[in-house]
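Heads up, work_11.cif below (mmCIF, C-alpha atoms):
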data_query
loop_
_atom_site.label_atom_id
_atom_site.label_comp_id
_atom_site.auth_asym_id
_atom_site.auth_seq_id
_atom_site.Cartn_x
_atom_site.Cartn_y
_atom_site.Cartn_z
CA MET X 1 18.91 -1.17 6.90
CA SER X 2 18.73 1.63 9.43
CA THR X 3 18.48 5.36 8.98
CA GLU X 4 17.07 8.35 10.77
CA VAL X 5 13.47 9.03 9.79
CA ARG X 6 12.14 12.53 10.25
CA PRO X 7 8.70 13.78 9.21
CA ALA X 8 8.81 16.00 6.11
CA ALA X 9 7.86 19.61 6.63
CA VAL X 10 4.85 19.67 4.33
CA ASP X 11 1.25 20.64 4.94
CA THR X 12 -0.34 17.24 5.52
CA ASN X 13 -3.82 18.31 4.48
CA GLU X 14 -2.59 19.90 1.26
CA LEU X 15 -0.48 16.84 0.49
CA ARG X 16 -3.41 14.52 1.09
CA ALA X 17 -5.57 16.63 -1.23
CA GLN X 18 -2.97 16.51 -4.02
CA ILE X 19 -2.42 12.78 -3.68
CA SER X 20 -6.14 12.08 -3.51
CA GLU X 21 -6.64 14.13 -6.68
CA LYS X 22 -3.97 12.06 -8.45
CA TYR X 23 -5.47 8.75 -7.33
CA THR X 24 -8.96 9.87 -8.23
CA GLU X 25 -7.60 10.06 -11.77
CA VAL X 26 -6.14 6.57 -11.42
CA ALA X 27 -9.59 5.38 -10.33
CA LEU X 28 -11.66 7.16 -12.96
CA THR X 29 -9.30 7.35 -15.96
CA PRO X 30 -6.76 4.54 -15.50
CA GLU X 31 -6.00 4.50 -19.23
CA LYS X 32 -4.69 8.06 -19.05
CA GLY X 33 -1.11 7.11 -18.25
CA PHE X 34 0.78 8.26 -15.16
CA HIS X 35 4.36 8.76 -14.02
CA PHE X 36 4.20 5.25 -12.52
CA HIS X 37 3.10 1.95 -14.04
CA THR X 38 -0.45 0.70 -13.50
CA GLY X 39 -2.73 -2.21 -14.28
CA ARG X 40 -2.00 -5.71 -15.49
CA PRO X 41 1.53 -4.98 -16.79
CA LEU X 42 2.43 -3.77 -13.31
CA ALA X 43 0.89 -6.87 -11.73
CA ARG X 44 3.02 -9.03 -14.02
CA MET X 45 6.12 -7.02 -13.05
CA HIS X 46 5.38 -7.88 -9.43
CA GLU X 47 4.81 -11.56 -10.29
CA TYR X 48 1.19 -11.82 -9.25
CA ASP X 49 -0.18 -15.12 -10.52
CA ASP X 50 -2.07 -14.54 -13.79
CA ALA X 51 -4.91 -16.78 -12.62
CA VAL X 52 -5.30 -14.69 -9.46
CA VAL X 53 -5.43 -11.48 -11.49
CA ASP X 54 -7.82 -13.01 -14.04
CA ALA X 55 -10.29 -13.62 -11.20
CA LEU X 56 -10.43 -9.93 -10.29
CA PRO X 57 -12.86 -7.47 -11.89
CA LEU X 58 -11.33 -5.48 -14.76
CA GLY X 59 -12.06 -2.18 -13.04
CA VAL X 60 -9.99 -3.26 -10.06
CA VAL X 61 -7.05 -4.49 -12.13
CA GLU X 62 -6.83 -1.43 -14.38
CA SER X 63 -6.46 0.91 -11.38
CA PHE X 64 -3.79 -1.16 -9.64
CA ALA X 65 -0.80 1.05 -8.80
CA GLY X 66 1.21 -0.91 -6.24
CA THR X 67 4.97 -1.01 -5.87
CA GLY X 68 5.30 -4.70 -5.06
CA ASN X 69 3.51 -7.86 -4.03
CA PRO X 70 2.83 -8.16 -0.28
CA PHE X 71 1.79 -11.79 -0.77
CA SER X 72 5.29 -12.67 -1.97
CA LEU X 73 6.16 -12.67 1.74
CA GLY X 74 3.60 -15.40 2.37
CA ASP X 75 -0.06 -16.12 1.84
CA LEU X 76 -2.63 -15.15 4.44
CA LYS X 77 -4.32 -17.83 6.53
CA PRO X 78 -8.00 -18.73 6.54
CA GLY X 79 -9.85 -16.90 9.29
CA GLU X 80 -7.38 -14.04 9.65
CA THR X 81 -8.46 -10.42 10.05
CA VAL X 82 -6.58 -8.19 7.62
CA LEU X 83 -6.29 -4.43 7.35
CA ASP X 84 -5.24 -3.02 3.96
CA ILE X 85 -3.77 0.48 4.28
CA GLY X 86 -4.43 2.51 1.15
CA CYS X 87 -6.44 -0.20 -0.54
CA GLY X 88 -6.98 1.79 -3.72
CA ALA X 89 -9.35 0.03 -6.11
CA GLY X 90 -9.09 -3.13 -4.01
CA PHE X 91 -6.52 -5.21 -5.93
CA ASP X 92 -4.79 -6.64 -2.85
CA THR X 93 -7.95 -6.36 -0.74
CA LEU X 94 -9.85 -8.80 -2.93
CA ILE X 95 -6.92 -11.22 -3.13
CA ALA X 96 -6.65 -11.10 0.66
CA ALA X 97 -10.40 -11.64 1.07
CA GLN X 98 -10.18 -14.83 -0.96
CA GLN X 99 -7.16 -16.08 0.99
CA VAL X 100 -8.71 -15.55 4.44
CA GLY X 101 -12.05 -16.97 3.26
CA PRO X 102 -15.50 -16.46 4.70
CA GLY X 103 -14.20 -17.05 8.23
CA GLY X 104 -11.86 -14.08 7.93
CA ARG X 105 -12.36 -10.49 6.95
CA VAL X 106 -10.57 -7.58 5.32
CA VAL X 107 -10.88 -3.97 6.41
CA ALA X 108 -9.90 -1.84 3.43
CA VAL X 109 -8.87 1.74 4.21
CA ASP X 110 -8.32 4.56 1.73
CA MET X 111 -8.67 8.34 1.77
CA THR X 112 -9.93 8.60 -1.83
CA PRO X 113 -13.69 8.00 -2.16
CA GLU X 114 -13.50 7.05 -5.85
CA MET X 115 -11.03 4.28 -5.00
CA LEU X 116 -13.15 3.00 -2.13
CA GLU X 117 -16.17 2.87 -4.44
CA LYS X 118 -14.21 0.74 -6.90
CA ALA X 119 -13.08 -1.60 -4.13
CA GLU X 120 -16.63 -1.97 -2.82
CA ARG X 121 -17.98 -2.58 -6.32
CA GLY X 122 -15.26 -5.16 -6.95
CA ALA X 123 -16.11 -7.04 -3.77
CA ARG X 124 -19.79 -7.08 -4.77
CA GLU X 125 -18.96 -8.33 -8.26
CA MET X 126 -16.95 -11.19 -6.77
CA GLY X 127 -19.60 -12.00 -4.19
CA LEU X 128 -17.17 -11.37 -1.35
CA THR X 129 -19.03 -10.52 1.84
CA ASN X 130 -15.97 -10.35 4.08
CA VAL X 131 -14.72 -6.95 2.86
CA GLU X 132 -15.46 -3.72 4.69
CA CYS X 133 -14.30 -0.44 3.17
CA ARG X 134 -13.60 2.49 5.46
CA LYS X 135 -12.48 6.01 4.62
CA GLY X 136 -9.43 6.97 6.61
CA TYR X 137 -5.76 7.83 6.76
CA ALA X 138 -2.68 5.74 7.39
CA GLU X 139 -1.72 7.97 10.32
CA GLU X 140 -5.18 7.62 11.90
CA LEU X 141 -6.36 4.12 11.06
CA PRO X 142 -10.10 3.59 11.56
CA ALA X 143 -9.68 0.38 13.56
CA GLU X 144 -9.73 -0.66 17.18
CA ASP X 145 -6.58 -1.50 19.17
CA GLU X 146 -5.17 -5.04 18.78
CA THR X 147 -7.89 -6.36 16.48
CA VAL X 148 -5.88 -7.22 13.35
CA ASP X 149 -3.85 -10.34 12.47
CA VAL X 150 -2.12 -8.94 9.38
CA VAL X 151 -1.65 -5.42 8.05
CA ILE X 152 -0.93 -5.22 4.33
CA SER X 153 -0.12 -2.16 2.25
CA ASN X 154 1.25 -1.52 -1.21
CA GLY X 155 2.93 1.68 -2.31
CA VAL X 156 1.25 3.94 0.22
CA ILE X 157 3.58 4.69 3.12
CA ASN X 158 6.03 6.51 0.85
CA LEU X 159 3.24 9.05 0.31
CA CYS X 160 2.89 9.71 4.06
CA PRO X 161 5.13 12.48 5.44
CA ASP X 162 5.20 11.00 8.97
CA LYS X 163 6.22 7.35 8.56
CA ILE X 164 6.81 6.89 12.27
CA ALA X 165 3.17 7.81 12.93
CA VAL X 166 2.04 5.27 10.34
CA MET X 167 4.09 2.46 11.85
CA ALA X 168 2.85 3.42 15.32
CA GLU X 169 -0.70 3.01 14.03
CA VAL X 170 0.17 -0.34 12.47
CA HIS X 171 1.56 -1.42 15.83
CA ARG X 172 -1.56 -0.19 17.63
CA VAL X 173 -4.07 -2.13 15.53
CA LEU X 174 -2.10 -5.38 15.37
CA LYS X 175 -2.67 -8.07 17.95
CA PRO X 176 0.40 -9.04 19.99
CA GLY X 177 2.52 -11.37 17.86
CA ALA X 178 0.68 -10.36 14.69
CA ARG X 179 2.49 -9.20 11.54
CA PHE X 180 2.56 -6.80 8.67
CA GLN X 181 3.45 -7.55 5.04
CA ILE X 182 4.17 -4.37 3.15
CA ALA X 183 5.35 -3.40 -0.32
CA ASP X 184 6.65 0.11 -0.82
CA ILE X 185 9.58 2.02 -2.25
CA ILE X 186 12.94 2.92 -0.78
CA VAL X 187 15.74 5.15 -1.98
CA HIS X 188 19.40 4.23 -1.78
CA LYS X 189 20.60 7.80 -2.19
CA GLU X 190 19.81 10.51 0.31
CA VAL X 191 16.95 12.78 -0.75
CA PRO X 192 17.78 16.38 0.23
CA GLN X 193 15.58 17.75 3.01
CA GLY X 194 14.57 20.57 0.65
CA ALA X 195 13.16 18.04 -1.81
CA LYS X 196 11.36 16.19 0.99
CA ASP X 197 9.77 19.46 2.03
CA ASP X 198 8.64 20.33 -1.54
CA ILE X 199 5.02 19.23 -1.71
CA ASP X 200 4.93 19.33 -5.51
CA LEU X 201 7.49 16.50 -5.70
CA TRP X 202 5.38 14.10 -3.62
CA SER X 203 2.58 13.24 -6.01
CA GLY X 204 4.41 13.92 -9.27
CA MET Y 205 12.61 2.75 12.82
CA LEU Y 206 10.76 -0.57 12.83
CA LYS Y 207 12.51 -1.82 15.96
CA ASN Y 208 11.90 1.53 17.64
CA THR Y 209 8.18 1.29 16.92
CA GLY Y 210 7.92 -2.16 18.50
CA PHE Y 211 8.52 -4.70 15.74
CA THR Y 212 10.83 -7.68 15.49
CA ASN Y 213 11.71 -10.42 12.99
CA VAL Y 214 12.04 -7.91 10.16
CA ARG Y 215 12.37 -9.64 6.77
CA TRP Y 216 13.16 -7.97 3.46
CA GLY Y 217 12.13 -9.32 0.06
CA GLU Y 218 13.68 -8.72 -3.33
CA GLN Y 219 14.09 -5.20 -4.64
CA VAL Y 220 12.56 -4.28 -8.01
CA ASP Y 221 13.21 -1.31 -10.31
CA VAL Y 222 9.52 -0.42 -10.36
CA PHE Y 223 9.89 2.82 -12.30
CA SER Y 224 11.89 1.32 -15.16
CA GLY Y 225 10.24 2.36 -18.42
CA SER Y 226 7.86 4.77 -16.71
CA LYS Y 227 7.64 8.55 -17.06
CA HIS Y 228 9.18 8.76 -13.60
CA GLU Y 229 12.22 6.65 -14.55
CA SER Y 230 14.89 9.36 -14.63
CA ALA Y 231 13.77 11.01 -11.39
CA ALA Y 232 13.57 7.62 -9.67
CA ALA Y 233 17.03 6.67 -10.94
CA GLU Y 234 18.49 9.86 -9.51
CA PHE Y 235 17.85 8.52 -6.01
CA ASP Y 236 18.27 4.82 -6.90
CA THR Y 237 14.63 4.14 -6.08
CA ARG Y 238 13.47 0.54 -5.70
CA GLY Y 239 10.29 -1.27 -4.87
CA VAL Y 240 10.71 -3.55 -1.89
CA THR Y 241 8.67 -5.86 0.28
CA PHE Y 242 9.19 -6.26 3.99
CA SER Y 243 7.47 -7.83 6.94
CA ALA Y 244 7.79 -7.80 10.69
CA VAL Y 245 6.07 -9.08 13.79
CA LYS Y 246 4.63 -7.00 16.61
CA VAL Y 247 6.52 -7.59 19.83
#

Render the structure in this file as structure tokens.
Amino acid sequence: MSTEVRPAAVDTNELRAQISEKYTEVALTPEKGFHFHTGRPLARMHEYDDAVVDALPLGVVESFAGTGNPFSLGDLKPGETVLDIGCGAGFDTLIAAQQVGPGGRVVAVDMTPEMLEKAERGAREMGLTNVECRKGYAEELPAEDETVDVVISNGVINLCPDKIAVMAEVHRVLKPGARFQIADIIVHKEVPQGAKDDIDLWSG
Amino acid sequence: MLKNTGFTNVRWGEQVDVFSGSKHESAAAEFDTRGVTFSAVKV
């Protein structure tokens, strides 16, 4: 699976603002209905274990908007340091925090304050003290070089116009020999460059 | 892209029609859009 990847010619700041506005709605009014699936039905589609989802706070589950299940590629190990890019309301963050246990930690990064607040509240409700939420962007991760054992992400990189910059950041923060486990979307038919460059098509 | 950015052992999981039944279904189908999982290891 190889193809040329070029950054889309969109205003990154404007795109971030539009996407953040959309995901603020997902955080504050998850029942509203969006152009993508959300919540528990989506978690079932991605075959998250019901017992795992049941353990999460309702506010976290209802704002879940991922495109897959990063843990389907393997569970995390106790003691690992994890970075969750675009953590949203913390659905995967809180699952990861339980898997790595008190000897590990999860750095949860998102650009939307309302999502970060939900993730922080969810961690508090679950009594998880190994979660740290940081505001930031996928192309400029707020983490030191080579400090992370596993990067996870779910449905976020497709919203970033410069995917090469994102993967370069993932590479920078990972320790040598460390891994990422990512869920996202791909297209099997070429999207015209004009559509890629149309900012209104990015966030629906 | 992944190999060029310094990753190896790339693994791909199953693909899922994540927009099926959603408001975005027809637009997603136009480009045969799928949800996918993948992993790789930093060299």

Starting from the displayed file, determine the output of the PyMOL selection byres ((chain Y) within 8 of (chain X)) and express the residue list as a count of residues only. 26

In terms of the shortest atom-to-atom distance over all atoms listed in the file, which of X:Asp198, X:Asp84, X:Glu139, X:Glu31 is closest to Ala119 in chain X?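 Nearest to Ala119 in chain X: X:Asp84.
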
Could you check the closest approach to Val26 in chain X for each of X:Thr12, X:Arg44, X:Glu114, X:Ala108 and tell me which residue wins, using all atoms listed in the file? X:Glu114

Residues near Cys87 in chain X, anyone? I mean within 7 Å using all atoms listed in the file, not counting same-chain ones fewer than 2 positions away, as a PyMOL selection string. chain X and resi 84-85+89-90+93+108-110

Interatomic distance (Å, one decimal) between CA of Asp200 in chain X and CA of Val10 in chain X: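 About the pair CA of Asp200 in chain X and CA of Val10 in chain X: they are 9.8 Å apart.
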
Correct to one decimal, the distance CA of Gly194 in chain X-CA of Ile157 in chain X is 19.5 Å

Residue contacts of Ser20 in chain X (8 Å, only C-alpha atoms) excluding same-chain residues fewer than 4 positions away, as a PDB file with C-alpha atoms, keeping the file's coordinate frame:
ATOM      1  CA  ARG X  16      -3.410  14.520   1.090  1.00  0.00           C
ATOM      2  CA  THR X  24      -8.960   9.870  -8.230  1.00  0.00           C
ATOM      3  CA  MET X 111      -8.670   8.340   1.770  1.00  0.00           C
ATOM      4  CA  THR X 112      -9.930   8.600  -1.830  1.00  0.00           C
TER       5      THR X 112
END

To one decimal place, how far is CA of Pro78 in chain X from CA of Tyr137 in chain X in Å?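 Atom-to-atom, CA of Pro78 in chain X to CA of Tyr137 in chain X, that is 26.7 Å.
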
Which residue out of X:Met115, X:Ala143, X:Val148, X:Leu76 has the minimum interatomic distance to Val60 in chain X when only C-alpha atoms are used? X:Met115

Looking at only C-alpha atoms, which of X:Thr29, X:Ser63, X:Gln98, X:Asn13 is the one that sits closest to Pro41 in chain X? X:Ser63

When distances are computed from all atoms listed in the file, which of X:Gly86, X:Gly103, X:Pro113, X:Pro30 shows the smallest separation from Glu140 in chain X?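 Smallest distance to Glu140 in chain X is found for X:Gly86.
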
Since the input lacks atoms, please generate N, CA and C atoms for range 205-229 of chain Y and provide them as a CSV table (one decimal), keeping the file's coordinate frame.
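Dumped to out_15.csv:
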chain,number,residue,atom,x,y,z
Y,205,MET,N,13.9,2.2,12.5
Y,205,MET,CA,12.6,2.8,12.8
Y,205,MET,C,11.6,1.6,13.2
Y,206,LEU,N,11.7,0.5,12.5
Y,206,LEU,CA,10.8,-0.6,12.8
Y,206,LEU,C,11.0,-1.1,14.2
Y,207,LYS,N,12.2,-1.3,14.6
Y,207,LYS,CA,12.5,-1.8,16.0
Y,207,LYS,C,12.1,-0.8,17.0
Y,208,ASN,N,12.3,0.5,16.7
Y,208,ASN,CA,11.9,1.5,17.6
Y,208,ASN,C,10.4,1.7,17.8
Y,209,THR,N,9.6,1.2,16.8
Y,209,THR,CA,8.2,1.3,16.9
Y,209,THR,C,7.6,0.0,17.4
Y,210,GLY,N,8.4,-1.0,17.8
Y,210,GLY,CA,7.9,-2.2,18.5
Y,210,GLY,C,7.8,-3.4,17.6
Y,211,PHE,N,8.6,-3.5,16.6
Y,211,PHE,CA,8.5,-4.7,15.7
Y,211,PHE,C,9.8,-5.5,15.8
Y,212,THR,N,9.7,-6.8,15.5
Y,212,THR,CA,10.8,-7.7,15.5
Y,212,THR,C,10.7,-8.6,14.3
Y,213,ASN,N,11.7,-9.5,14.1
Y,213,ASN,CA,11.7,-10.4,13.0
Y,213,ASN,C,11.5,-9.7,11.6
Y,214,VAL,N,12.2,-8.7,11.4
Y,214,VAL,CA,12.0,-7.9,10.2
Y,214,VAL,C,12.7,-8.7,9.0
Y,215,ARG,N,11.9,-8.9,8.0
Y,215,ARG,CA,12.4,-9.6,6.8
Y,215,ARG,C,12.2,-8.7,5.6
Y,216,TRP,N,13.2,-8.8,4.7
Y,216,TRP,CA,13.2,-8.0,3.5
Y,216,TRP,C,13.1,-8.9,2.3
Y,217,GLY,N,12.2,-8.6,1.3
Y,217,GLY,CA,12.1,-9.3,0.1
Y,217,GLY,C,13.0,-8.7,-1.0
Y,218,GLU,N,12.9,-9.2,-2.2
Y,218,GLU,CA,13.7,-8.7,-3.3
Y,218,GLU,C,13.3,-7.3,-3.7
Y,219,GLN,N,14.3,-6.6,-4.2
Y,219,GLN,CA,14.1,-5.2,-4.6
Y,219,GLN,C,13.9,-5.2,-6.2
Y,220,VAL,N,12.9,-4.3,-6.6
Y,220,VAL,CA,12.6,-4.3,-8.0
Y,220,VAL,C,12.6,-2.8,-8.5
Y,221,ASP,N,13.2,-2.6,-9.7
Y,221,ASP,CA,13.2,-1.3,-10.3
Y,221,ASP,C,11.8,-1.0,-10.9
Y,222,VAL,N,10.9,-0.5,-10.0
Y,222,VAL,CA,9.5,-0.4,-10.4
Y,222,VAL,C,9.2,0.7,-11.3
Y,223,PHE,N,10.1,1.7,-11.4
Y,223,PHE,CA,9.9,2.8,-12.3
Y,223,PHE,C,10.6,2.7,-13.7
Y,224,SER,N,11.2,1.5,-13.9
Y,224,SER,CA,11.9,1.3,-15.2
Y,224,SER,C,10.9,1.4,-16.3
Y,225,GLY,N,11.1,2.2,-17.3
Y,225,GLY,CA,10.2,2.4,-18.4
Y,225,GLY,C,9.1,3.3,-18.2
Y,226,SER,N,9.0,3.9,-17.0
Y,226,SER,CA,7.9,4.8,-16.7
Y,226,SER,C,8.3,6.2,-16.9
Y,227,LYS,N,7.3,7.1,-16.9
Y,227,LYS,CA,7.6,8.6,-17.1
Y,227,LYS,C,8.5,9.1,-15.9
Y,228,HIS,N,8.5,8.3,-14.8
Y,228,HIS,CA,9.2,8.8,-13.6
Y,228,HIS,C,10.6,8.2,-13.5
Y,229,GLU,N,11.0,7.5,-14.6
Y,229,GLU,CA,12.2,6.6,-14.6
Y,229,GLU,C,13.5,7.5,-14.2
